[in-house]
file target.txt (compact mmCIF, C-alpha atoms)
# COMPACT_ATOMS: atom_id res chain seq x y z
CA MET A 1 -148.30 38.32 133.61
CA SER A 2 -149.50 35.04 132.15
CA VAL A 3 -153.02 35.06 130.68
CA ARG A 4 -153.32 31.30 131.11
CA LEU A 5 -152.37 31.37 134.79
CA THR A 6 -154.61 34.37 135.42
CA LEU A 7 -157.62 32.67 133.84
CA SER A 8 -157.04 29.37 135.63
CA THR A 9 -156.75 31.19 138.96
CA THR A 10 -159.91 33.13 138.14
CA GLY A 11 -161.70 29.81 137.71
CA ARG A 12 -160.41 28.61 141.08
CA VAL A 13 -161.61 31.79 142.85
CA LEU A 14 -165.02 31.55 141.16
CA GLY A 15 -165.27 27.92 142.25
CA GLN A 16 -164.56 28.87 145.85
CA LEU A 17 -167.09 31.70 145.68
CA ARG A 18 -169.75 29.43 144.16
CA HIS A 19 -169.56 27.11 147.16
CA ASP A 20 -169.63 29.96 149.70
CA ARG A 21 -173.36 30.51 150.10
CA ARG A 22 -172.98 33.19 152.74
CA SER A 23 -170.82 35.34 150.47
CA ILE A 24 -173.24 34.86 147.57
CA GLY A 25 -176.10 35.86 149.85
CA LEU A 26 -174.20 38.93 150.97
CA LEU A 27 -173.25 40.00 147.45
CA ILE A 28 -176.64 39.42 145.82
CA GLY A 29 -179.21 39.54 148.61
CA ALA A 30 -177.92 42.36 150.81
CA PRO A 31 -178.15 45.11 148.14
CA LEU A 32 -181.72 44.08 147.31
CA LEU A 33 -182.80 44.24 150.95
CA LEU A 34 -181.10 47.60 151.48
CA LEU A 35 -182.52 49.09 148.28
CA THR A 36 -186.00 47.96 149.35
CA LEU A 37 -185.47 49.59 152.74
CA ILE A 38 -184.47 52.84 151.03
CA TYR A 39 -187.57 52.66 148.86
CA PHE A 40 -189.90 52.56 151.86
CA MET A 41 -187.92 55.30 153.59
CA PHE A 42 -188.27 57.76 150.68
CA GLU A 43 -191.33 56.50 148.78
CA LYS A 44 -193.27 59.75 149.45
CA ASN A 45 -190.51 61.87 147.91
CA GLY A 46 -189.99 60.63 144.35
CA PRO A 47 -187.08 62.89 143.23
CA LEU A 48 -185.13 62.21 146.43
CA LEU A 49 -185.85 58.47 146.14
CA ASP A 50 -184.45 58.41 142.59
CA ARG A 51 -181.34 60.29 143.68
CA VAL A 52 -180.60 58.06 146.68
CA LEU A 53 -181.37 54.78 144.88
CA LEU A 54 -179.11 55.75 142.00
CA ILE A 55 -176.18 56.62 144.25
CA MET A 56 -176.58 53.53 146.39
CA LEU A 57 -176.46 51.32 143.29
CA GLY A 58 -172.83 52.45 143.09
CA VAL A 59 -172.05 52.55 146.82
CA PHE A 60 -173.29 49.10 147.86
CA PRO A 61 -171.07 47.17 145.38
CA PHE A 62 -168.05 49.19 146.49
CA LEU A 63 -168.70 48.52 150.17
CA LEU A 64 -169.54 44.84 149.87
CA MET A 65 -166.71 43.97 147.50
CA PHE A 66 -164.19 45.70 149.76
CA LEU A 67 -165.40 43.64 152.70
CA VAL A 68 -165.55 40.30 150.91
CA THR A 69 -162.24 40.53 149.05
CA SER A 70 -160.19 41.86 151.97
CA ILE A 71 -161.31 38.93 154.13
CA ALA A 72 -160.99 36.39 151.30
CA MET A 73 -157.38 37.36 150.57
CA LEU A 74 -156.53 37.33 154.28
CA ARG A 75 -157.86 33.78 154.51
CA GLU A 76 -155.68 32.79 151.55
CA ARG A 77 -152.64 34.00 153.46
CA THR A 78 -153.49 32.65 156.90
CA SER A 79 -154.38 29.21 155.50
CA GLY A 80 -151.04 29.00 153.68
CA THR A 81 -152.74 28.84 150.27
CA LEU A 82 -150.72 31.76 148.91
CA GLU A 83 -147.48 30.19 150.05
CA ARG A 84 -148.34 27.04 148.09
CA LEU A 85 -149.50 29.00 145.04
CA PHE A 86 -146.28 30.98 144.86
CA THR A 87 -144.24 27.78 144.59
CA THR A 88 -145.80 27.56 141.10
CA PRO A 89 -145.07 30.00 138.22
CA LEU A 90 -148.06 32.11 139.38
CA GLY A 91 -147.00 35.72 139.98
CA LYS A 92 -148.50 38.30 142.31
CA LEU A 93 -150.06 40.31 139.49
CA ASP A 94 -151.48 37.10 138.00
CA LEU A 95 -153.15 36.35 141.33
CA LEU A 96 -154.48 39.84 141.99
CA PHE A 97 -155.81 40.41 138.49
CA ALA A 98 -157.44 36.97 138.70
CA TYR A 99 -159.18 38.09 141.87
CA GLY A 100 -160.19 41.30 140.14
CA LEU A 101 -161.59 39.37 137.17
CA ALA A 102 -163.43 36.80 139.31
CA PHE A 103 -165.04 39.35 141.58
CA GLY A 104 -165.64 41.61 138.59
CA LEU A 105 -167.80 38.85 137.09
CA ALA A 106 -169.58 38.47 140.43
CA ALA A 107 -170.05 42.24 140.56
CA THR A 108 -171.59 42.22 137.08
CA VAL A 109 -174.22 39.74 138.26
CA GLN A 110 -174.75 41.73 141.44
CA ALA A 111 -175.09 45.07 139.64
CA THR A 112 -177.38 43.64 136.95
CA VAL A 113 -179.76 42.09 139.49
CA ALA A 114 -179.79 45.18 141.74
CA THR A 115 -180.29 47.60 138.84
CA THR A 116 -183.08 45.47 137.36
CA VAL A 117 -184.89 45.41 140.71
CA ALA A 118 -184.37 49.17 141.17
CA TYR A 119 -185.87 50.01 137.76
CA TRP A 120 -188.63 47.41 137.46
CA LEU A 121 -189.80 46.93 141.05
CA LEU A 122 -188.74 50.09 142.92
CA GLY A 123 -189.58 52.55 140.15
CA LEU A 124 -186.16 54.13 139.66
CA ASP A 125 -186.37 56.76 136.92
CA THR A 126 -183.28 58.13 135.18
CA ALA A 127 -182.75 60.16 132.04
CA GLY A 128 -179.94 57.86 130.91
CA ASN A 129 -179.79 54.15 130.08
CA GLY A 130 -179.78 51.59 132.88
CA ALA A 131 -176.93 49.74 131.16
CA LEU A 132 -174.67 52.68 132.03
CA VAL A 133 -175.70 52.31 135.66
CA VAL A 134 -174.58 48.67 135.57
CA LEU A 135 -171.29 49.63 133.91
CA ILE A 136 -170.47 52.24 136.55
CA ALA A 137 -171.65 50.03 139.42
CA VAL A 138 -169.26 47.29 138.25
CA ALA A 139 -166.42 49.82 138.11
CA ASN A 140 -167.19 50.88 141.69
CA ALA A 141 -167.27 47.23 142.73
CA LEU A 142 -163.85 46.67 141.15
CA LEU A 143 -162.61 49.70 143.07
CA GLY A 144 -163.76 47.96 146.25
CA VAL A 145 -161.95 44.79 145.13
CA GLY A 146 -158.71 46.66 144.46
CA LEU A 147 -158.75 48.58 147.73
CA GLY A 148 -159.79 45.48 149.64
CA LEU A 149 -156.86 43.50 148.26
CA LEU A 150 -154.51 46.38 149.03
CA CYS A 151 -155.72 46.81 152.61
CA SER A 152 -155.70 43.07 153.32
CA ALA A 153 -151.89 43.12 153.07
CA PHE A 154 -151.77 45.20 156.27
CA ALA A 155 -154.14 43.03 158.32
CA ARG A 156 -153.27 39.96 160.37
CA THR A 157 -156.80 38.97 161.37
CA GLU A 158 -160.29 39.31 159.91
CA PHE A 159 -161.11 41.79 162.66
CA GLN A 160 -158.20 43.98 161.56
CA ALA A 161 -159.39 43.75 157.95
CA VAL A 162 -162.84 45.02 158.96
CA GLN A 163 -161.21 47.89 160.84
CA PHE A 164 -160.16 49.41 157.52
CA LEU A 165 -163.83 50.11 156.75
CA PRO A 166 -164.06 53.34 158.80
CA VAL A 167 -160.66 54.48 157.51
CA VAL A 168 -160.87 53.69 153.79
CA VAL A 169 -164.53 53.13 152.92
CA LEU A 170 -166.72 55.34 155.11
CA PRO A 171 -164.94 58.65 154.35
CA GLN A 172 -165.41 58.00 150.64
CA ILE A 173 -169.12 57.32 151.15
CA LEU A 174 -169.61 60.39 153.34
CA LEU A 175 -167.86 62.66 150.83
CA SER A 176 -169.35 61.09 147.70
CA GLY A 177 -172.27 63.50 147.56
CA LEU A 178 -174.81 61.10 149.05
CA PHE A 179 -175.71 63.27 152.03
CA VAL A 180 -174.59 66.71 150.84
CA PRO A 181 -173.88 67.70 147.22
CA ARG A 182 -170.14 68.16 146.79
CA ALA A 183 -170.65 71.70 145.52
CA ASP A 184 -172.26 72.62 148.87
CA MET A 185 -169.39 71.28 150.98
CA ALA A 186 -166.69 73.46 152.52
CA GLY A 187 -163.99 74.17 149.96
CA TRP A 188 -161.38 71.96 151.60
CA LEU A 189 -163.85 69.04 151.87
CA ASP A 190 -164.66 69.38 148.18
CA GLY A 191 -160.93 69.14 147.50
CA VAL A 192 -160.61 66.03 149.67
CA SER A 193 -163.57 64.38 147.93
CA THR A 194 -161.99 65.10 144.54
CA ALA A 195 -159.04 62.93 145.61
CA MET A 196 -161.38 60.04 146.47
CA PRO A 197 -162.22 57.78 143.51
CA LEU A 198 -165.69 56.80 144.74
CA ALA A 199 -166.81 60.44 144.42
CA HIS A 200 -166.05 60.27 140.70
CA GLY A 201 -168.02 57.04 140.38
CA VAL A 202 -171.00 58.66 142.09
CA GLU A 203 -170.63 61.72 139.85
CA ALA A 204 -170.78 59.44 136.81
CA LEU A 205 -173.99 57.86 138.13
CA GLN A 206 -175.51 61.29 138.68
CA GLU A 207 -174.75 62.10 135.05
CA VAL A 208 -176.82 59.05 134.06
CA GLY A 209 -179.65 60.37 136.19
CA ALA A 210 -179.53 63.85 134.67
CA SER A 211 -178.67 63.31 131.00
CA ALA A 212 -180.10 61.04 128.32
CA ASP A 213 -176.70 60.82 126.63
CA ALA A 214 -173.35 59.57 127.96
CA THR A 215 -171.60 62.84 128.78
CA GLY A 216 -167.91 63.65 128.92
CA ASP A 217 -168.15 64.00 132.72
CA LEU A 218 -169.57 60.48 132.91
CA TRP A 219 -166.67 58.96 130.96
CA ARG A 220 -164.16 61.05 132.89
CA GLY A 221 -165.48 59.77 136.20
CA TYR A 222 -165.57 56.20 134.90
CA GLY A 223 -162.00 56.49 133.62
CA ILE A 224 -160.75 57.82 136.97
CA VAL A 225 -162.36 54.93 138.83
CA MET A 226 -160.91 52.30 136.48
CA GLY A 227 -157.48 53.95 136.62
CA CYS A 228 -157.61 53.76 140.43
CA VAL A 229 -158.60 50.08 140.17
CA VAL A 230 -155.47 49.27 138.17
CA LEU A 231 -153.31 51.38 140.52
CA ALA A 232 -154.73 49.64 143.59
CA LEU A 233 -154.05 46.19 142.12
CA VAL A 234 -150.47 47.11 141.22
CA LEU A 235 -149.85 48.55 144.69
CA ALA A 236 -151.42 45.45 146.24
CA ALA A 237 -148.99 43.27 144.28
CA GLY A 238 -146.12 45.26 145.76
CA THR A 239 -147.33 44.80 149.35
CA LEU A 240 -148.72 41.25 149.15
CA ARG A 241 -147.16 38.82 151.60
CA ARG A 242 -147.11 35.09 151.08
CA ARG A 243 -148.30 34.23 154.57
CA THR A 244 -149.52 35.86 157.79
CA ALA A 245 -148.14 34.45 160.99
call {"tool": "encode", "arguments": {"input": "target.txt", "output": "structure tokens"}}
result
Amino acid sequence: MSVRLTLSTTGRVLGQLRHDRRSIGLLIGAPLLLLTLIYFMFEKNGPLLDRVLLIMLGVFPFLLMFLVTSIAMLRERTSGTLERLFTTPLGKLDLLFAYGLAFGLAATVQATVATTVAYWLLGLDTAGNGALVVLIAVANALLGVGLGLLCSAFARTEFQAVQFLPVVVLPQILLSGLFVPRADMAGWLDGVSTAMPLAHGVEALQEVGASADATGDLWRGYGIVMGCVVLALVLAAGTLRRRTA
């Protein structure tokens, strides 16, 4: 990997994203609207509202980043941009880590705005520090980026890219502990959820909600998510094609 090439490509991706108002609206505006909807759904049940808001601060970045990055990379291939880029010294890992860095910066803005609104306007109350919520939310967003880049290699159209949502994303959300605590699931479902990285990100968020200090379980969950991010990017580099016919 070349740091210089990675950073220059990161700048290019950020420039493209800056001029894509619809993507910016989706990344920044959609979580705020959905969090507000959740607030009015659960406003009469404070403890449940805190639990759901906290989890969704980690789920929304994962979902949205998966969607945006899988489609963005597919467009790079179908437009022939990747084919032109790979005539330069730019390597696959340079490109994918540049995407991860660019969308990681976007995710930091997204998570900071959403967490600020959740605490200051929607009344989210947690035992731990809100900065930890932002940190974990960004990790979950990067997980969405990594998996989105990996899945985009197997899609030929944007419609096919979206079809990975019910296969890759929704099972992780369903088994993350949002609807049913993982400890209350059937034993085999608990085992399946343990193999899904998003469940560990949600577990880390729940530790922020329950404990004033950063616990070992929090850092373990965060480490698992970040390890899966790196693994997804490496696997994506191995499956990335220059162009889609």
call {"tool": "closest_residue", "arguments": {"input": "target.txt", "among": "A:Leu96, A:Leu34, A:Leu135, A:Val13", "to": "Val230 of chain A", "atoms": "all atoms listed in the file"}}
result
A:Leu96
call {"tool": "residues_around", "arguments": {"input": "target.txt", "residues": "His200 of chain A", "least_positions_apart": "3", "cutoff": "12 Å", "atoms": "all atoms listed in the file", "output": "PyMOL selection string"}}
result
chain A and resi 55+58-59+136-137+139-140+143+172-173+175-177+182+190+192-197+203-207+217-228
call {"tool": "atom_distance", "arguments": {"input": "target.txt", "atom1": "atom CA of Leu49 of chain A", "atom2": "atom CA of Ala30 of chain A"}}
result
18.6 Å
call {"tool": "axis_aligned_box", "arguments": {"input": "target.txt", "around": "segment 97-114 of chain A", "padding_each_side": "8 Å", "output": "AutoDock Vina command-line options"}}
result
--center_x -167.8 --center_y 41.0 --center_z 139.4 --size_x 40.0 --size_y 24.4 --size_z 20.9
call {"tool": "atom_distance", "arguments": {"input": "target.txt", "atom1": "atom CA of Asp125 of chain A", "atom2": "atom CA of Ala212 of chain A"}}
result
11.5 Å
call {"tool": "residues_around", "arguments": {"input": "target.txt", "residues": "Ala106 of chain A", "least_positions_apart": "2", "cutoff": "9 Å", "atoms": "all atoms listed in the file", "output": "list in words"}}
result
Leu14, Leu17, Ile24, Leu27, Ile28, Leu101, Ala102, Phe103, Gly104, Thr108, Val109, Gln110 and Ala111 of chain A
call {"tool": "decode", "arguments": {"input": "target.txt", "residues": "segment 81-217 of chain A", "atoms": "C-alpha atoms", "output": "mmCIF file, in the first residue's frame"}}
result
data_model
loop_
_atom_site.group_PDB
_atom_site.id
_atom_site.type_symbol
_atom_site.label_atom_id
_atom_site.label_comp_id
_atom_site.auth_asym_id
_atom_site.auth_seq_id
_atom_site.Cartn_x
_atom_site.Cartn_y
_atom_site.Cartn_z
ATOM 1 C CA THR A 81 -13.441 4.522 -13.642
ATOM 2 C CA LEU A 82 -11.763 1.567 -11.921
ATOM 3 C CA GLU A 83 -10.304 0.358 -15.192
ATOM 4 C CA ARG A 84 -8.699 3.770 -15.718
ATOM 5 C CA LEU A 85 -7.506 3.996 -12.106
ATOM 6 C CA PHE A 86 -5.786 0.628 -12.277
ATOM 7 C CA THR A 87 -3.665 1.771 -15.216
ATOM 8 C CA THR A 88 -1.932 3.955 -12.594
ATOM 9 C CA PRO A 89 0.203 2.617 -9.703
ATOM 10 C CA LEU A 90 -2.955 2.580 -7.520
ATOM 11 C CA GLY A 91 -3.502 -0.872 -5.998
ATOM 12 C CA LYS A 92 -6.729 -2.526 -4.912
ATOM 13 C CA LEU A 93 -5.965 -2.162 -1.211
ATOM 14 C CA ASP A 94 -5.052 1.504 -1.775
ATOM 15 C CA LEU A 95 -8.447 2.062 -3.368
ATOM 16 C CA LEU A 96 -10.496 0.156 -0.800
ATOM 17 C CA PHE A 97 -8.772 1.632 2.229
ATOM 18 C CA ALA A 98 -9.227 5.067 0.639
ATOM 19 C CA TYR A 99 -12.945 4.358 0.410
ATOM 20 C CA GLY A 100 -12.908 3.191 4.007
ATOM 21 C CA LEU A 101 -11.122 6.360 5.122
ATOM 22 C CA ALA A 102 -13.354 8.698 3.101
ATOM 23 C CA PHE A 103 -16.591 7.154 4.260
ATOM 24 C CA GLY A 104 -15.162 6.804 7.761
ATOM 25 C CA LEU A 105 -14.789 10.596 7.857
ATOM 26 C CA ALA A 106 -18.338 10.951 6.549
ATOM 27 C CA ALA A 107 -19.503 8.471 9.190
ATOM 28 C CA THR A 108 -17.807 10.497 11.921
ATOM 29 C CA VAL A 109 -19.811 13.563 10.897
ATOM 30 C CA GLN A 110 -22.972 11.475 10.640
ATOM 31 C CA ALA A 111 -22.500 9.816 14.035
ATOM 32 C CA THR A 112 -21.576 13.088 15.757
ATOM 33 C CA VAL A 113 -24.650 14.904 14.437
ATOM 34 C CA ALA A 114 -27.016 12.000 15.191
ATOM 35 C CA THR A 115 -25.622 11.446 18.694
ATOM 36 C CA THR A 116 -25.783 15.161 19.504
ATOM 37 C CA VAL A 117 -29.431 15.298 18.422
ATOM 38 C CA ALA A 118 -30.233 12.113 20.378
ATOM 39 C CA TYR A 119 -28.743 13.477 23.618
ATOM 40 C CA TRP A 120 -29.674 17.155 23.428
ATOM 41 C CA LEU A 121 -33.028 17.128 21.625
ATOM 42 C CA LEU A 122 -34.441 13.619 22.110
ATOM 43 C CA GLY A 123 -33.366 13.199 25.721
ATOM 44 C CA LEU A 124 -31.211 10.086 25.381
ATOM 45 C CA ASP A 125 -29.795 9.152 28.787
ATOM 46 C CA THR A 126 -26.854 6.772 29.177
ATOM 47 C CA ALA A 127 -24.556 5.943 32.061
ATOM 48 C CA GLY A 128 -21.492 6.214 29.826
ATOM 49 C CA ASN A 129 -20.009 9.062 27.792
ATOM 50 C CA GLY A 130 -21.597 10.059 24.493
ATOM 51 C CA ALA A 131 -18.151 10.155 22.872
ATOM 52 C CA LEU A 132 -18.026 6.368 23.207
ATOM 53 C CA VAL A 133 -21.342 6.160 21.378
ATOM 54 C CA VAL A 134 -19.836 8.139 18.495
ATOM 55 C CA LEU A 135 -16.739 5.913 18.469
ATOM 56 C CA ILE A 136 -18.782 2.709 18.276
ATOM 57 C CA ALA A 137 -21.232 4.165 15.753
ATOM 58 C CA VAL A 138 -18.306 5.032 13.448
ATOM 59 C CA ALA A 139 -16.965 1.481 13.814
ATOM 60 C CA ASN A 140 -20.383 0.099 12.828
ATOM 61 C CA ALA A 141 -20.467 2.477 9.865
ATOM 62 C CA LEU A 142 -17.039 1.248 8.745
ATOM 63 C CA LEU A 143 -18.361 -2.297 9.021
ATOM 64 C CA GLY A 144 -21.128 -1.293 6.619
ATOM 65 C CA VAL A 145 -18.513 0.223 4.295
ATOM 66 C CA GLY A 146 -16.377 -2.928 4.326
ATOM 67 C CA LEU A 147 -19.286 -5.294 3.739
ATOM 68 C CA GLY A 148 -20.745 -2.986 1.104
ATOM 69 C CA LEU A 149 -17.481 -2.944 -0.835
ATOM 70 C CA LEU A 150 -17.208 -6.714 -0.525
ATOM 71 C CA CYS A 151 -20.760 -7.375 -1.710
ATOM 72 C CA SER A 152 -20.519 -4.895 -4.589
ATOM 73 C CA ALA A 153 -17.987 -7.205 -6.266
ATOM 74 C CA PHE A 154 -20.771 -9.763 -6.795
ATOM 75 C CA ALA A 155 -23.349 -7.356 -8.241
ATOM 76 C CA ARG A 156 -23.733 -6.292 -11.864
ATOM 77 C CA THR A 157 -26.469 -3.698 -11.372
ATOM 78 C CA GLU A 158 -27.575 -1.347 -8.605
ATOM 79 C CA PHE A 159 -30.685 -3.478 -8.154
ATOM 80 C CA GLN A 160 -28.506 -6.520 -7.499
ATOM 81 C CA ALA A 161 -26.448 -4.521 -5.001
ATOM 82 C CA VAL A 162 -29.606 -3.611 -3.065
ATOM 83 C CA GLN A 163 -30.628 -7.277 -3.048
ATOM 84 C CA PHE A 164 -27.765 -8.011 -0.657
ATOM 85 C CA LEU A 165 -29.592 -6.015 2.040
ATOM 86 C CA PRO A 166 -31.954 -8.839 3.103
ATOM 87 C CA VAL A 167 -29.113 -11.369 2.929
ATOM 88 C CA VAL A 168 -26.253 -9.536 4.641
ATOM 89 C CA VAL A 169 -27.732 -6.604 6.569
ATOM 90 C CA LEU A 170 -31.201 -7.521 7.827
ATOM 91 C CA PRO A 171 -30.209 -10.789 9.577
ATOM 92 C CA GLN A 172 -27.552 -8.891 11.505
ATOM 93 C CA ILE A 173 -30.080 -6.257 12.573
ATOM 94 C CA LEU A 174 -32.674 -8.850 13.572
ATOM 95 C CA LEU A 175 -30.163 -10.810 15.659
ATOM 96 C CA SER A 176 -28.374 -7.798 17.146
ATOM 97 C CA GLY A 177 -30.570 -7.694 20.239
ATOM 98 C CA LEU A 178 -32.775 -4.845 19.036
ATOM 99 C CA PHE A 179 -36.043 -6.768 19.201
ATOM 100 C CA VAL A 180 -35.160 -9.591 21.594
ATOM 101 C CA PRO A 181 -32.173 -9.647 23.976
ATOM 102 C CA ARG A 182 -29.635 -12.149 22.703
ATOM 103 C CA ALA A 183 -29.711 -14.019 26.013
ATOM 104 C CA ASP A 184 -33.441 -14.709 25.475
ATOM 105 C CA MET A 185 -32.994 -16.160 21.989
ATOM 106 C CA ALA A 186 -32.950 -19.870 21.218
ATOM 107 C CA GLY A 187 -29.482 -21.277 21.836
ATOM 108 C CA TRP A 188 -28.668 -21.784 18.169
ATOM 109 C CA LEU A 189 -29.789 -18.229 17.299
ATOM 110 C CA ASP A 190 -27.563 -16.851 20.038
ATOM 111 C CA GLY A 191 -24.696 -18.773 18.453
ATOM 112 C CA VAL A 192 -25.500 -17.377 15.007
ATOM 113 C CA SER A 193 -25.671 -13.824 16.363
ATOM 114 C CA THR A 194 -22.266 -14.285 18.006
ATOM 115 C CA ALA A 195 -20.815 -14.865 14.531
ATOM 116 C CA MET A 196 -22.312 -11.591 13.275
ATOM 117 C CA PRO A 197 -20.122 -8.526 13.898
ATOM 118 C CA LEU A 198 -22.991 -6.050 14.244
ATOM 119 C CA ALA A 199 -24.191 -7.892 17.361
ATOM 120 C CA HIS A 200 -20.860 -7.103 19.015
ATOM 121 C CA GLY A 201 -21.165 -3.449 18.041
ATOM 122 C CA VAL A 202 -24.638 -3.306 19.573
ATOM 123 C CA GLU A 203 -23.337 -5.060 22.691
ATOM 124 C CA ALA A 204 -20.648 -2.387 23.013
ATOM 125 C CA LEU A 205 -23.309 0.332 22.774
ATOM 126 C CA GLN A 206 -25.370 -1.379 25.461
ATOM 127 C CA GLU A 207 -22.305 -1.327 27.706
ATOM 128 C CA VAL A 208 -22.203 2.456 27.281
ATOM 129 C CA GLY A 209 -25.840 2.604 28.309
ATOM 130 C CA ALA A 210 -25.332 0.470 31.408
ATOM 131 C CA SER A 211 -21.899 1.451 32.737
ATOM 132 C CA ALA A 212 -20.281 4.795 33.484
ATOM 133 C CA ASP A 213 -16.850 3.370 32.650
ATOM 134 C CA ALA A 214 -15.541 1.808 29.431
ATOM 135 C CA THR A 215 -15.750 -1.896 30.256
ATOM 136 C CA GLY A 216 -13.755 -4.809 28.911
ATOM 137 C CA ASP A 217 -16.856 -6.072 27.074
#
